[in-house]
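Colleague: Handing you this structure, nothing more for now.
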Amino acid sequence: MSFETFYQVVAGSALVFGLLIGSFLNVCIVRMPEDRSVVWPGSACPACGTAIRPYDNVPVLAWLWLRGRCRSCRTPISPLYPIVELLTGLVAWLVFRRIVPGPESLDTAHLVAFLVFFLFSALLIAQTFIDVRHYIIPDELSVYAVPFGVAANAVLAWLGYPGAIGWQGAVVGALAGGGILGAIMGLYWLVRREEGMGFGDVKLLAMMGSFLGAAPAVPFILFVASVAGAIVGVPIALVRGHGLRAALPFGPFLALGGFVWLLHGPELLQRWFPALALVLGR
């Protein structure tokens, strides 16, 4: 087997790994808003309570061969389950190709970096679906992950990963992410005397800063999130008939900004804001 072929096999394994993690994310998305354990009990049909057999829990394929219905009671199974699994698998593959761009990058530092930033992406996927459905962002997916982001960047710096920001950069990133969005939230309240966003968004951006650093990642994420939120939110608000004051979760747009930065941020910064990229050394 050539080194290039081996690289493609590892990349394919990353996709399969993502599918498996996607299956677990489905459990998190369903149970976390209800404050239920994501570990115990095992998965079961919510309609009839029958435990799901291991061979009926294979990501994507199980939903297809069951034709989207429970084997026992034939209750329809939401297509969101295979969608989350497919999305997580695709994200794992994209993150792998970004962090480990070729066979020459198949070393410990790059592989550990892939695991770190794929976990970061998985957190974003889970919180996106929870925020869309319940308008909440569980602390387990935001503020509780900040220490991991700091520790992970310390390990990556020790391993010599080129993109590592070190634990100091991670701490500054967390403070900047939470501080900037917290300040915007506070200013909005002073002007309008009402909340413009939930505090969960502040904690989420703090988590993102702990993985990606302060500048230029945090301003870039806010810019992308604001533009995407306006593009999506304004038409929805007008269609709903509530004007521009209709509630819309901001977490998914922050997640989009973070994922865009992870995959293409420095290149887009060079294209959109070359002067700023020059100042920041990007």
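Convention: chains lettered A, B, ... in structure tokens order; per-chain residue numbering from 1; ligands numbered from 1 as shown.
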Determine, using only C-alpha atoms, which residues of stretch 77-173 of chain A have any atom at most 8 Å from an atom of stretch 63-70 of chain A, and tabulate each with its shortest atom pair and distance in Å to one decimal place, rows ordered by chain and then rising number, as a Markdown table.
Modeller:
| residue | atom | partner | partner_atom | distance |
| --- | --- | --- | --- | --- |
| A:Ile77 | CA | A:Gly68 | CA | 5.0 |
| A:Ser78 | CA | A:Gly68 | CA | 7.1 |
| A:Pro79 | CA | A:Gly68 | CA | 7.1 |
| A:Pro82 | CA | A:Trp63 | CA | 6.8 |
Colleague: Residues of stretch 102-260 of chain A in helix (DSSP H, G or I) according to DSSP, as an NGL selection string?
Modeller: :A and (103-105 or 108-134 or 139-141 or 143-159 or 166-192 or 199-212 or 217-240 or 243-245 or 251-260)
Colleague: Of the residues A:Ala176, A:Val10, A:Leu190, A:Leu15, which is the one nearest to A:Pro216, using only C-alpha atoms?
Modeller: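 Once distances to A:Pro216 are computed over only C-alpha atoms, the minimum belongs to A:Ala176.
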Colleague: Kindly indicate which residue among A:Ile180, A:Val227, A:Ile221, A:Leu212 lies nearest to A:Trp167, using only C-alpha atoms for the distances.
Modeller: A:Leu212
Colleague: Let me make sure I understand: among A:Gly18, A:Gly102, A:Gly160, A:Pro46, which one has the smallest atom-to-atom distance to A:Glu85 if we use only C-alpha atoms?
Modeller: A:Gly18
Colleague: Smallest atom-to-atom distance to A:Val202: which of A:Ala151, A:Ala228, A:Leu254, A:Val239, using only C-alpha atoms?
Modeller: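 Selected residue with least distance to A:Val202: A:Leu254.
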Colleague: Between A:Ser142, A:Ala164, A:Val16, A:Phe220, which one has atoms that come closest to A:Phe273, using only C-alpha atoms?
Modeller: A:Phe220
Colleague: List every residue of stretch 16-192 of chain A that DSSP, applied to the backbone of this structure, assigns to strand (DSSP E or B), and report them as an NGL selection string.
Modeller: :A and (44 or 51 or 69 or 76)
Colleague: Contacts of stretch 4-6 of chain A at 10 Å or less, counting only C-alpha atoms, minus same-chain residues fewer than 5 places along, as a PyMOL selection string?
Modeller: chain A and resi 11-12+102-104+106
Colleague: Which residues come within 10 Å of A:Pro162, counting only C-alpha atoms, excluding same-chain residues fewer than 4 positions away, as a PyMOL selection string?
Modeller: chain A and resi 109-110+113+156-157
Colleague: Which is closer to A:Phe223 than all the others in A:Leu25, A:Ala62, A:Leu256, A:Ile136, using only C-alpha atoms?
Modeller: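 Checking each candidate against A:Phe223, we get A:Leu256 as the closest.
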Colleague: Report as JSON, numbers by chain all protein, DNA and RNA residues lying within 12 Å of A:Ile137, evaluated on only C-alpha atoms, omitting residues in the same chain fewer than 6 positions from it.
Modeller: {"A": [28, 29, 32, 33, 123, 124, 125, 126, 127, 128, 129, 130, 131, 143, 144, 197, 198, 199, 200, 201, 202, 203, 204, 205, 207, 249, 250, 251, 252, 254, 255]}
Colleague: Could you please determine the separation between atom CA of A:Phe96 and atom CA of A:Ala154 in Å, to one decimal place?
Modeller: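 Value for the atom CA of A:Phe96-atom CA of A:Ala154 distance: 20.2 Å.
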Colleague: Using only C-alpha atoms, which protein or nucleic acid residues come within 8 Å of A:Phe253? Drop anything in the same chain fewer than 6 positions from it, and give the result as a list in words.
Modeller: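 Listed by chain and then number, they are Val224, Ala225, Ser226, Ala228 and Gly229 of chain A.
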Colleague: Separation of atom CA of A:Leu86 and atom CA of A:Leu61, in Å?
Modeller: 10.4 Å
